[in-house]
file model.txt (compact mmCIF, C-alpha atoms and all ligand atoms)
# COMPACT_ATOMS: atom_id res chain seq x y z
CA MET A 1 104.08 5.23 45.74
CA ASN A 2 103.65 6.65 49.21
CA THR A 3 101.40 4.42 51.30
CA MET A 4 101.80 6.25 54.56
CA THR A 5 98.66 6.36 56.70
CA PHE A 6 97.54 8.88 59.28
CA CYS A 7 98.62 6.44 62.00
CA ASP A 8 102.07 5.97 60.43
CA TYR A 9 102.47 9.70 60.39
CA LEU A 10 101.54 10.02 64.07
CA ARG A 11 103.99 7.24 64.96
CA SER A 12 106.71 9.03 63.00
CA LEU A 13 106.14 11.98 65.33
CA ARG A 14 106.68 9.65 68.30
CA ILE A 15 103.09 9.78 69.43
CA ASP A 16 102.53 6.84 71.81
CA GLY A 17 100.81 3.76 70.45
CA ASP A 18 97.75 4.00 72.67
CA PHE A 19 97.07 7.55 71.45
CA VAL A 20 97.52 6.49 67.82
CA GLU A 21 95.03 3.67 68.35
CA LEU A 22 92.53 6.07 69.86
CA ALA A 23 93.02 8.43 66.94
CA ALA A 24 92.21 5.68 64.46
CA LYS A 25 89.20 4.48 66.43
CA ALA A 26 87.90 8.04 66.90
CA GLY A 27 87.76 8.48 63.16
CA GLU A 28 85.37 5.55 62.88
CA VAL A 29 83.25 6.07 65.98
CA THR A 30 82.62 9.75 65.36
CA ARG A 31 81.99 9.43 61.61
CA GLU A 32 78.22 9.84 61.68
CA VAL A 33 78.27 12.79 64.06
CA ARG A 34 80.90 14.47 61.91
CA GLU A 35 78.88 13.84 58.77
CA ALA A 36 75.95 15.62 60.38
CA VAL A 37 78.30 18.52 61.14
CA ARG A 38 79.34 18.68 57.48
CA GLU A 39 75.73 18.67 56.41
CA ARG A 40 74.87 21.66 58.59
CA ALA A 41 78.00 23.39 57.28
CA ALA A 42 76.73 22.88 53.72
CA LEU A 43 73.35 24.38 54.56
CA ASN A 44 75.05 27.36 56.17
CA GLN A 45 77.37 27.65 53.16
CA TRP A 46 74.36 28.02 50.87
CA LYS A 47 72.80 30.53 53.27
CA VAL A 48 75.92 32.70 53.11
CA LEU A 49 76.23 32.38 49.34
CA GLU A 50 72.61 33.40 48.91
CA ALA A 51 73.13 36.37 51.21
CA LEU A 52 76.16 37.59 49.25
CA GLN A 53 74.42 37.07 45.90
CA SER A 54 71.18 38.73 46.87
CA ALA A 55 73.08 41.67 48.39
CA GLY A 56 74.68 41.94 44.94
CA LEU A 57 78.37 41.56 45.73
CA MET A 58 80.53 42.62 42.77
CA GLU A 59 84.25 42.95 42.16
CA GLY A 60 83.94 46.73 42.23
CA HIS A 61 82.99 46.53 45.91
CA PHE A 62 86.53 45.49 46.76
CA PHE A 63 88.12 48.81 45.76
CA PRO A 64 89.44 50.70 48.76
CA THR A 65 87.77 53.77 50.14
CA THR A 66 89.66 56.17 52.36
CA GLY A 67 89.00 59.09 54.70
CA TYR A 68 85.41 59.14 55.91
CA GLY A 69 84.51 56.24 53.66
CA LEU A 70 81.24 57.93 52.67
CA GLY A 71 79.20 55.96 50.14
CA ASP A 72 81.32 52.84 50.44
CA MET A 73 79.11 50.47 48.52
CA GLY A 74 81.08 47.37 49.42
CA ARG A 75 80.63 48.12 53.10
CA GLU A 76 76.91 48.52 52.56
CA VAL A 77 76.67 45.25 50.63
CA LEU A 78 78.50 43.35 53.37
CA ASP A 79 76.27 44.93 56.01
CA GLU A 80 73.26 43.76 54.03
CA ALA A 81 74.68 40.24 53.70
CA VAL A 82 75.18 40.06 57.46
CA ALA A 83 71.57 41.19 57.96
CA LYS A 84 70.36 38.44 55.62
CA ILE A 85 72.41 35.72 57.28
CA PHE A 86 70.83 36.65 60.62
CA ARG A 87 67.40 37.19 59.02
CA ALA A 88 67.51 40.59 60.67
CA GLU A 89 66.57 44.13 59.58
CA ALA A 90 70.13 45.35 59.70
CA GLY A 91 73.69 44.25 60.22
CA CYS A 92 77.25 45.46 60.05
CA MET A 93 80.72 43.99 59.93
CA ARG A 94 83.60 46.40 60.44
CA TRP A 95 87.31 46.20 60.93
CA GLN A 96 86.93 49.41 62.98
CA ILE A 97 85.27 47.32 65.69
CA ALA A 98 88.34 46.06 67.53
CA SER A 99 86.90 42.91 69.08
CA GLY A 100 83.82 41.09 70.25
CA THR A 101 83.97 43.05 73.49
CA HIS A 102 83.96 46.30 71.50
CA ALA A 103 80.92 45.23 69.44
CA LEU A 104 78.98 44.20 72.54
CA THR A 105 80.02 47.34 74.42
CA ALA A 106 78.80 49.56 71.58
CA ALA A 107 75.46 47.76 71.66
CA LEU A 108 75.13 48.21 75.43
CA PHE A 109 76.07 51.91 75.42
CA GLY A 110 73.92 52.53 72.36
CA THR A 111 70.84 51.06 73.97
CA LEU A 112 71.01 51.78 77.69
CA ALA A 113 70.29 55.20 79.18
CA PRO A 114 71.05 56.61 82.66
CA GLY A 115 68.50 55.33 85.16
CA LYS A 116 67.98 52.11 83.24
CA SER A 117 69.41 48.71 84.11
CA MET A 118 70.95 45.82 82.28
CA LEU A 119 69.65 42.43 83.35
CA SER A 120 71.77 39.40 82.51
CA ILE A 121 69.64 36.25 82.64
CA THR A 122 72.50 33.86 81.94
CA GLY A 123 74.48 34.60 85.10
CA ALA A 124 77.73 36.55 85.08
CA PRO A 125 78.76 37.74 81.61
CA TYR A 126 82.10 36.92 79.98
CA ASP A 127 85.19 38.19 81.84
CA THR A 128 85.93 41.14 79.54
CA MET A 129 82.37 42.48 79.87
CA LEU A 130 82.74 42.98 83.64
CA PRO A 131 84.97 46.09 83.38
CA VAL A 132 82.46 47.48 80.86
CA ILE A 133 79.56 47.06 83.28
CA GLY A 134 81.58 48.48 86.17
CA ASN A 135 80.70 48.09 89.81
CA ALA A 136 80.03 49.97 93.00
CA ASP A 137 83.03 52.30 92.61
CA LYS A 138 81.60 53.53 89.28
CA ALA A 139 84.95 53.87 87.56
CA PRO A 140 84.89 56.47 84.75
CA GLY A 141 83.77 55.13 81.40
CA THR A 142 81.84 52.16 82.73
CA LEU A 143 78.10 51.72 82.39
CA ALA A 144 77.88 52.18 86.17
CA TYR A 145 79.60 55.59 85.87
CA TRP A 146 76.93 56.69 83.40
CA GLY A 147 74.18 55.72 85.82
CA VAL A 148 73.25 52.40 84.28
CA GLY A 149 72.41 49.68 86.81
CA TYR A 150 73.24 46.01 86.56
CA ARG A 151 71.50 42.92 87.87
CA GLU A 152 71.75 39.27 87.07
CA LEU A 153 69.61 36.18 87.24
CA PRO A 154 71.96 33.28 87.95
CA LEU A 155 71.75 30.15 85.86
CA ARG A 156 70.12 27.17 87.56
CA GLU A 157 72.23 24.55 89.29
CA ASP A 158 72.29 22.51 86.04
CA GLY A 159 73.62 25.48 84.06
CA HIS A 160 70.41 26.27 82.21
CA ILE A 161 68.33 29.45 82.22
CA ASP A 162 65.97 29.91 85.16
CA ILE A 163 62.97 30.64 82.94
CA GLY A 164 60.62 30.67 85.93
CA GLY A 165 62.68 33.42 87.57
CA ILE A 166 62.60 35.81 84.63
CA ALA A 167 59.27 37.51 85.42
CA ASP A 168 60.40 38.55 88.91
CA ALA A 169 63.80 39.73 87.69
CA LEU A 170 62.22 42.08 85.15
CA LYS A 171 61.93 45.17 87.37
CA ALA A 172 60.52 48.36 85.86
CA ASP A 173 63.96 49.93 85.26
CA VAL A 174 65.27 47.08 83.07
CA GLY A 175 66.12 48.52 79.68
CA LEU A 176 68.07 45.61 78.26
CA VAL A 177 68.03 41.88 78.83
CA TYR A 178 71.35 40.20 78.13
CA LEU A 179 72.01 36.58 77.26
CA GLN A 180 75.32 34.85 76.59
CA ARG A 181 75.16 31.87 74.26
CA SER A 182 78.63 30.41 74.72
CA ARG A 183 80.03 29.20 78.02
CA GLY A 184 82.93 31.63 78.23
CA TYR A 185 85.42 30.58 80.90
CA THR A 186 82.80 28.98 83.11
CA TRP A 187 81.98 25.33 83.48
CA ARG A 188 78.40 25.51 82.26
CA PRO A 189 76.73 24.28 79.09
CA SER A 190 76.58 26.62 76.12
CA LEU A 191 72.97 27.55 75.47
CA CYS A 192 71.38 26.35 72.25
CA VAL A 193 69.26 28.66 70.14
CA LYS A 194 66.08 26.83 71.21
CA GLU A 195 66.76 27.52 74.89
CA LEU A 196 67.61 31.17 74.16
CA ALA A 197 64.37 31.40 72.17
CA GLU A 198 62.31 30.07 75.09
CA ALA A 199 63.90 32.57 77.45
CA ILE A 200 63.36 35.44 75.02
CA ALA A 201 59.69 34.47 74.61
CA GLU A 202 59.31 34.57 78.40
CA VAL A 203 60.97 38.01 78.53
CA ARG A 204 58.61 39.25 75.80
CA ARG A 205 55.54 37.98 77.70
CA HIS A 206 56.38 40.26 80.62
CA ALA A 207 58.31 43.12 79.02
CA PRO A 208 57.42 43.42 75.32
CA GLU A 209 59.34 46.69 74.90
CA VAL A 210 62.66 45.74 76.47
CA THR A 211 65.71 45.35 74.20
CA VAL A 212 67.00 41.79 74.10
CA MET A 213 70.68 41.33 73.33
CA VAL A 214 72.67 38.12 72.83
CA ASP A 215 76.43 37.77 73.15
CA ASN A 216 76.69 35.43 70.15
CA CYS A 217 80.48 34.90 70.28
CA TYR A 218 81.53 31.45 68.99
CA GLY A 219 77.95 30.51 68.19
CA GLU A 220 77.54 31.91 64.69
CA MET A 221 76.49 29.35 62.11
CA VAL A 222 76.98 26.33 64.32
CA GLU A 223 73.23 25.72 64.23
CA LEU A 224 70.93 26.46 61.31
CA SER A 225 69.27 29.47 62.92
CA GLU A 226 70.41 32.41 64.99
CA PRO A 227 68.89 34.16 68.03
CA THR A 228 67.74 37.10 65.84
CA GLU A 229 65.19 34.71 64.30
CA PHE A 230 63.65 34.24 67.74
CA GLY A 231 63.19 37.75 69.01
CA ALA A 232 66.70 38.94 69.88
CA ASP A 233 66.94 42.66 68.99
CA ILE A 234 70.69 42.61 68.63
CA VAL A 235 73.47 40.02 68.54
CA GLY A 236 77.17 40.64 68.17
CA GLY A 237 80.56 39.07 68.17
CA SER A 238 84.11 39.01 66.91
CA LEU A 239 85.48 38.54 63.40
CA ILE A 240 88.52 36.68 64.69
CA LYS A 241 86.05 34.03 65.76
CA ASN A 242 83.42 32.28 63.61
CA LEU A 243 82.19 34.90 61.13
CA GLY A 244 85.61 36.07 60.06
CA GLY A 245 86.28 32.59 58.70
CA ALA A 246 89.97 32.89 59.69
CA PHE A 247 90.45 35.46 56.91
CA ALA A 248 89.34 38.66 58.64
CA PRO A 249 92.44 40.29 60.11
CA CYS A 250 90.35 41.89 62.87
CA GLY A 251 86.87 43.25 63.45
CA GLY A 252 83.42 42.74 64.89
CA TYR A 253 79.85 42.44 63.70
CA LEU A 254 76.35 43.23 64.87
CA ALA A 255 72.95 42.18 63.54
CA GLY A 256 69.41 42.98 64.59
CA LYS A 257 66.75 45.68 64.56
CA LYS A 258 67.67 48.66 62.39
CA GLN A 259 67.35 51.27 65.10
CA VAL A 260 69.32 49.25 67.64
CA ILE A 261 72.15 48.65 65.16
CA GLU A 262 72.23 52.36 64.25
CA ARG A 263 72.53 53.35 67.92
CA ALA A 264 75.37 50.88 68.39
CA LEU A 265 77.20 52.18 65.30
CA GLU A 266 76.83 55.70 66.67
CA ARG A 267 78.76 54.54 69.73
CA VAL A 268 81.45 53.01 67.51
CA ILE A 269 81.79 56.14 65.32
CA ALA A 270 79.67 59.11 66.46
CA PRO A 271 76.02 60.16 66.61
CA GLY A 272 74.96 61.59 63.27
CA VAL A 273 77.53 59.69 61.24
CA GLY A 274 77.43 56.18 62.71
CA VAL A 275 76.05 54.47 59.64
CA GLU A 276 77.70 56.69 57.02
CA GLU A 277 81.34 56.67 58.06
CA GLY A 278 83.90 53.92 58.01
CA PRO A 279 86.48 53.68 55.25
CA THR A 280 87.26 50.10 54.29
CA LEU A 281 90.82 50.68 52.96
CA GLY A 282 90.53 47.65 50.70
CA TYR A 283 89.51 45.19 53.40
CA ASN A 284 86.06 44.42 51.96
CA ARG A 285 87.43 41.58 49.87
CA VAL A 286 89.06 39.76 52.76
CA LEU A 287 86.01 40.27 54.98
CA ALA A 288 83.77 38.92 52.21
CA GLN A 289 86.08 35.94 51.65
CA GLY A 290 86.11 35.17 55.36
CA LEU A 291 82.35 35.37 55.57
CA PHE A 292 82.05 33.09 52.54
CA MET A 293 84.50 30.56 53.99
CA SER A 294 83.19 30.67 57.56
CA PRO A 295 80.65 27.80 57.39
CA ASN A 296 83.34 25.49 56.07
CA ILE A 297 85.92 26.55 58.66
CA ILE A 298 83.34 26.31 61.45
CA GLY A 299 82.54 22.80 60.18
CA ALA A 300 86.20 21.78 60.30
CA ALA A 301 86.55 23.17 63.81
CA LEU A 302 83.43 21.30 64.94
CA GLU A 303 84.61 18.03 63.42
CA GLY A 304 87.84 18.47 65.33
CA ALA A 305 85.96 19.18 68.56
CA VAL A 306 83.79 16.05 68.20
CA TRP A 307 86.79 13.84 67.41
CA SER A 308 88.85 15.32 70.26
CA ALA A 309 86.02 15.00 72.76
CA TRP A 310 85.65 11.28 72.08
CA ILE A 311 89.35 10.63 72.65
CA LEU A 312 89.48 12.73 75.79
CA GLU A 313 86.46 10.89 77.16
CA GLN A 314 88.17 7.55 76.55
CA LEU A 315 91.11 8.87 78.57
CA GLY A 316 88.76 9.61 81.46
CA PHE A 317 88.50 13.39 81.19
CA LYS A 318 85.25 15.21 81.83
CA VAL A 319 84.43 17.13 78.67
CA SER A 320 81.60 19.43 77.73
CA PRO A 321 79.83 18.98 75.45
CA ARG A 322 80.18 15.21 75.29
CA TRP A 323 81.34 14.06 71.86
CA ASP A 324 77.86 13.21 70.56
CA GLU A 325 75.89 15.95 72.31
CA PRO A 326 74.27 18.70 70.21
CA ARG A 327 76.51 21.74 69.81
CA THR A 328 75.70 25.43 69.65
CA ASP A 329 79.25 26.80 69.58
CA ILE A 330 82.75 25.73 68.57
CA ILE A 331 84.07 25.42 72.12
CA GLN A 332 85.23 22.09 73.54
CA ALA A 333 85.66 22.42 77.28
CA ILE A 334 87.99 19.89 78.90
CA CYS A 335 88.31 19.54 82.64
CA LEU A 336 92.03 18.92 83.21
CA GLU A 337 91.94 19.19 87.02
CA SER A 338 95.36 20.79 87.46
CA THR A 339 97.31 23.86 86.44
CA GLU A 340 100.19 21.65 85.29
CA ARG A 341 97.93 19.83 82.86
CA GLN A 342 96.43 23.09 81.58
CA ILE A 343 99.90 24.40 80.80
CA ALA A 344 101.11 21.15 79.22
CA PHE A 345 97.96 20.83 77.11
CA CYS A 346 98.37 24.37 75.74
CA ARG A 347 102.08 23.84 75.09
CA GLY A 348 101.19 20.78 73.03
CA ILE A 349 98.62 22.70 71.00
CA GLN A 350 101.16 25.46 70.44
CA LYS A 351 103.54 22.91 68.94
CA ALA A 352 100.97 22.26 66.22
CA GLY A 353 100.85 25.95 65.24
CA ALA A 354 101.66 26.93 61.68
CA VAL A 355 103.14 30.11 63.15
CA ASP A 356 105.29 30.37 66.31
CA HIS A 357 105.22 26.62 66.85
CA SER A 358 108.36 26.82 68.97
CA ALA A 359 106.95 29.47 71.32
CA MET A 360 106.39 28.38 74.92
CA PRO A 361 103.03 29.59 76.27
CA GLU A 362 103.21 31.08 79.77
CA PRO A 363 100.23 32.07 81.93
CA VAL A 364 99.69 35.86 82.04
CA VAL A 365 96.97 38.26 83.14
CA GLN A 366 95.58 39.66 79.88
CA PRO A 367 93.92 43.06 79.61
CA GLY A 368 90.25 42.70 80.58
CA TYR A 369 90.73 39.45 82.53
CA ARG A 370 91.16 38.91 86.27
CA ASP A 371 92.96 35.58 86.53
CA PRO A 372 96.16 34.48 84.78
CA ILE A 373 95.32 32.70 81.54
CA ILE A 374 97.35 30.19 79.60
CA MET A 375 96.82 30.47 75.86
CA ALA A 376 98.07 28.48 72.91
CA GLY A 377 97.67 30.09 69.56
CA GLY A 378 100.13 29.47 66.78
CA THR A 379 97.79 31.51 64.62
CA PHE A 380 98.21 33.67 61.52
CA ILE A 381 96.03 36.35 63.12
CA GLN A 382 97.06 37.36 66.62
CA GLY A 383 94.66 35.90 69.20
CA SER A 384 92.43 34.35 66.55
CA SER A 385 90.34 31.61 68.05
CA ILE A 386 88.67 30.41 64.87
CA GLU A 387 92.16 29.12 64.14
CA LEU A 388 93.32 26.16 66.25
CA SER A 389 93.79 27.47 69.78
CA ALA A 390 93.35 26.48 73.40
CA ASP A 391 93.19 28.51 76.54
CA GLY A 392 92.02 28.49 80.10
CA PRO A 393 92.18 30.60 83.25
CA LEU A 394 94.28 29.09 86.03
CA ARG A 395 91.38 28.65 88.41
CA PRO A 396 89.13 25.72 89.32
CA PRO A 397 88.03 23.51 87.65
CA TYR A 398 91.33 23.95 85.75
CA ALA A 399 89.73 23.61 82.36
CA CYS A 400 91.09 24.17 78.91
CA TYR A 401 88.87 25.41 76.14
CA LEU A 402 89.85 23.98 72.79
CA GLN A 403 88.47 25.68 69.74
CA GLY A 404 88.91 26.50 66.11
CA GLY A 405 90.97 24.92 63.40
CA MET A 406 91.02 25.81 59.73
CA SER A 407 91.12 22.11 58.89
CA PHE A 408 90.06 18.95 60.71
CA ALA A 409 93.52 17.45 60.18
CA HIS A 410 95.10 20.35 62.05
CA VAL A 411 92.88 19.85 65.09
CA GLN A 412 93.68 16.13 65.06
CA LEU A 413 97.38 16.78 65.12
CA GLY A 414 96.97 19.46 67.80
CA LEU A 415 95.18 17.11 70.15
CA MET A 416 97.76 14.36 69.65
CA LEU A 417 100.60 16.75 70.49
CA ALA A 418 98.69 18.02 73.53
CA LEU A 419 98.22 14.47 74.85
CA GLN A 420 101.85 13.59 74.19
CA GLU A 421 103.00 16.75 75.98
CA MET A 422 100.99 15.82 79.07
CA ARG A 423 102.37 12.26 78.92
CA SER A 424 105.96 13.47 78.60
CA GLN A 425 105.51 15.35 81.87
CA ASP A 426 103.98 12.32 83.59
CA LEU A 427 100.64 14.08 83.79
CA LEU A 428 98.77 11.43 81.83
C1 LIG A 501 85.49 35.89 73.03
C2 LIG A 501 84.26 36.24 73.76
C3 LIG A 501 83.92 37.57 74.04
C4 LIG A 501 84.81 38.72 73.75
O1 LIG A 501 85.33 38.76 72.49
P1 LIG A 501 86.79 39.43 72.22
O2 LIG A 501 86.85 39.46 70.75
O3 LIG A 501 87.78 38.52 72.85
O4 LIG A 501 86.76 40.76 72.84
C5 LIG A 501 82.72 37.81 74.67
N1 LIG A 501 81.91 36.80 75.02
C6 LIG A 501 82.20 35.51 74.78
C7 LIG A 501 81.25 34.44 75.21
C8 LIG A 501 83.39 35.20 74.15
O5 LIG A 501 83.69 33.91 73.92
call {"tool": "encode", "arguments": {"input": "model.txt", "output": "structure tokens"}}
result
Amino acid sequence: MNTMTFCDYLRSLRIDGDFVELAAKAGEVTREVREAVRERAALNQWKVLEALQSAGLMEGHFFPTTGYGLGDMGREVLDEAVAKIFRAEAGCMRWQIASGTHALTAALFGTLAPGKSMLSITGAPYDTMLPVIGNADKAPGTLAYWGVGYRELPLREDGHIDIGGIADALKADVGLVYLQRSRGYTWRPSLCVKELAEAIAEVRRHAPEVTVMVDNCYGEMVELSEPTEFGADIVGGSLIKNLGGAFAPCGGYLAGKKQVIERALERVIAPGVGVEEGPTLGYNRVLAQGLFMSPNIIGAALEGAVWSAWILEQLGFKVSPRWDEPRTDIIQAICLESTERQIAFCRGIQKAGAVDHSAMPEPVVQPGYRDPIIMAGGTFIQGSSIELSADGPLRPPYACYLQGGMSFAHVQLGLMLALQEMRSQDLL
């Protein structure tokens, strides 16, 4: 009989004794918080199941359509399921949407008209949205080029929304108010649905007609409700993050008011055919499976984040959120305080990859980003960050963002290898 324990296994990998001890202790200390995570995952699992059942998903919906994809019933059923999950009028999930940035860009271009402005009330948007917005030189293709203005209301010193400043920021030309739920690559708290809801209510008090959009990346189904239940007109994100459940090979989704979703889909495809076109080529099954699995995978990732945060705190690192703080996304930010540690941490995570575990991550400037970024992702799907991954731009405060994991055990191993890698370079 094999009586090997988790700790024995870690020791067999030559993980140092103090780390192994922390790993064992973390399992106990974080148990209750992780149980609460599993409970929310169960509630979200039932929500998704109900959505798929009430949309009427059947085996026949998995057959491939080609060409224009007109009358693709599986696509329509999945769109309806997305709408139900977000308690919204409409939704869509498409492999034709290349990324979260693409989904959000389609929503911005679909909504905003020349002469109008976008107002971000959560400070600067995520790095890849900046080239979309454009700036003073109005580069072709950007919102600026098409005569759309941009303003932002910075977050308060403590990283929360300046609710009192919203009224003044809502100038007459504002056509869209933009909020970003997750922290992106900035050291600020991710914003829970309750805080987003309060900000949206304040926007509505002063500008009832304005379109409210939320960059929902990494936030989907971490809490029990979504921003669309509190007045957001459109939310969007990537299918190689939460909602794809690590099954979707690519794609993006949107959910919200019917007209706003239709306008966005017209930017993805073309006016007149936005909702009708989009062959699914046989991908409906894998998208449906990913959606079905996503609450469970998100739960595993969150358990891993809680467990990792506790250990990192014991080692003296500043982490956000703290291990027992409420969470609204799957991101665990870790302040590593040096480039060397960022690189070592990511190299350790890479070693835990099921794919490319022997690859050596190097910092590079990725398309859409300004600073070099170090990324670890031994993932089945290229760049998937619902799978175990870690990354961080090489700029102060030299943080790594740890996220994803298709199983809790995988995240545990990843963190141990990351710590050991830092230790082996005398960085810990
Ligand atoms: C990942 C992310 C995006 C962009 O998504 P991609 O799929 O990488 O294009 C936008 N906003 C936030 C907050 C993100 O985390």
call {"tool": "closest_residue", "arguments": {"input": "model.txt", "among": "A:Arg31, A:Lys351, A:Arg327, A:Arg322", "to": "Val193 (chain A)", "atoms": "all atoms listed in the file"}}
result
A:Arg327
call {"tool": "atom_distance", "arguments": {"input": "model.txt", "atom1": "CA of Phe345 (chain A)", "atom2": "CA of Leu419 (chain A)"}}
result
6.8 Å
call {"tool": "atom_distance", "arguments": {"input": "model.txt", "atom1": "CA of Phe380 (chain A)", "atom2": "CA of Pro367 (chain A)"}}
result
20.8 Å
call {"tool": "residues_near_ligand", "arguments": {"input": "model.txt", "ligand": "ligand LIG 501 (chain A)", "cutoff": "10 Å", "atoms": "only C-alpha atoms and all ligand atoms", "output": "PyMOL selection string"}}
result
chain A and resi 97-105+125-129+179-186+190+214-219+236-241+250-252+329-331+368+383-385
call {"tool": "atom_distance", "arguments": {"input": "model.txt", "atom1": "CA of Glu387 (chain A)", "atom2": "CA of Met406 (chain A)"}}
result
5.6 Å
call {"tool": "closest_residue", "arguments": {"input": "model.txt", "among": "A:Ala333, A:Val411, A:Ala201, A:Ala301", "to": "Ile163 (chain A)", "atoms": "only C-alpha atoms"}}
result
A:Ala201
call {"tool": "residues_near_point", "arguments": {"input": "model.txt", "point": "(97.1, 10.8, 66.8)", "cutoff": "12 Å", "atoms": "all atoms listed in the file", "output": "PyMOL selection string"}}
result
chain A and resi 5-27+307-308+311-312+409-420
call {"tool": "axis_aligned_box", "arguments": {"input": "model.txt", "around": "region 53-67 of chain A", "padding_each_side": "3 Å", "output": "AutoDock Vina command-line options"}}
result
--center_x 80.4 --center_y 48.1 --center_z 48.4 --size_x 24.5 --size_y 28.0 --size_z 18.5
call {"tool": "closest_residue", "arguments": {"input": "model.txt", "among": "A:Gly56, A:Asp79, A:Thr66, A:Leu176", "to": "Gly115 (chain A)", "atoms": "all atoms listed in the file"}}
result
A:Leu176
call {"tool": "closest_residue", "arguments": {"input": "model.txt", "among": "A:Ile269, A:Cys192, A:Leu254, A:Ala172", "to": "Pro326 (chain A)", "atoms": "only C-alpha atoms"}}
result
A:Cys192
call {"tool": "residues_around", "arguments": {"input": "model.txt", "residues": "Cys400 (chain A)", "least_positions_apart": "4", "cutoff": "8 Å", "atoms": "only C-alpha atoms", "output": "number ranges by chain"}}
result
A: 333-336, 342, 345-346, 390-393
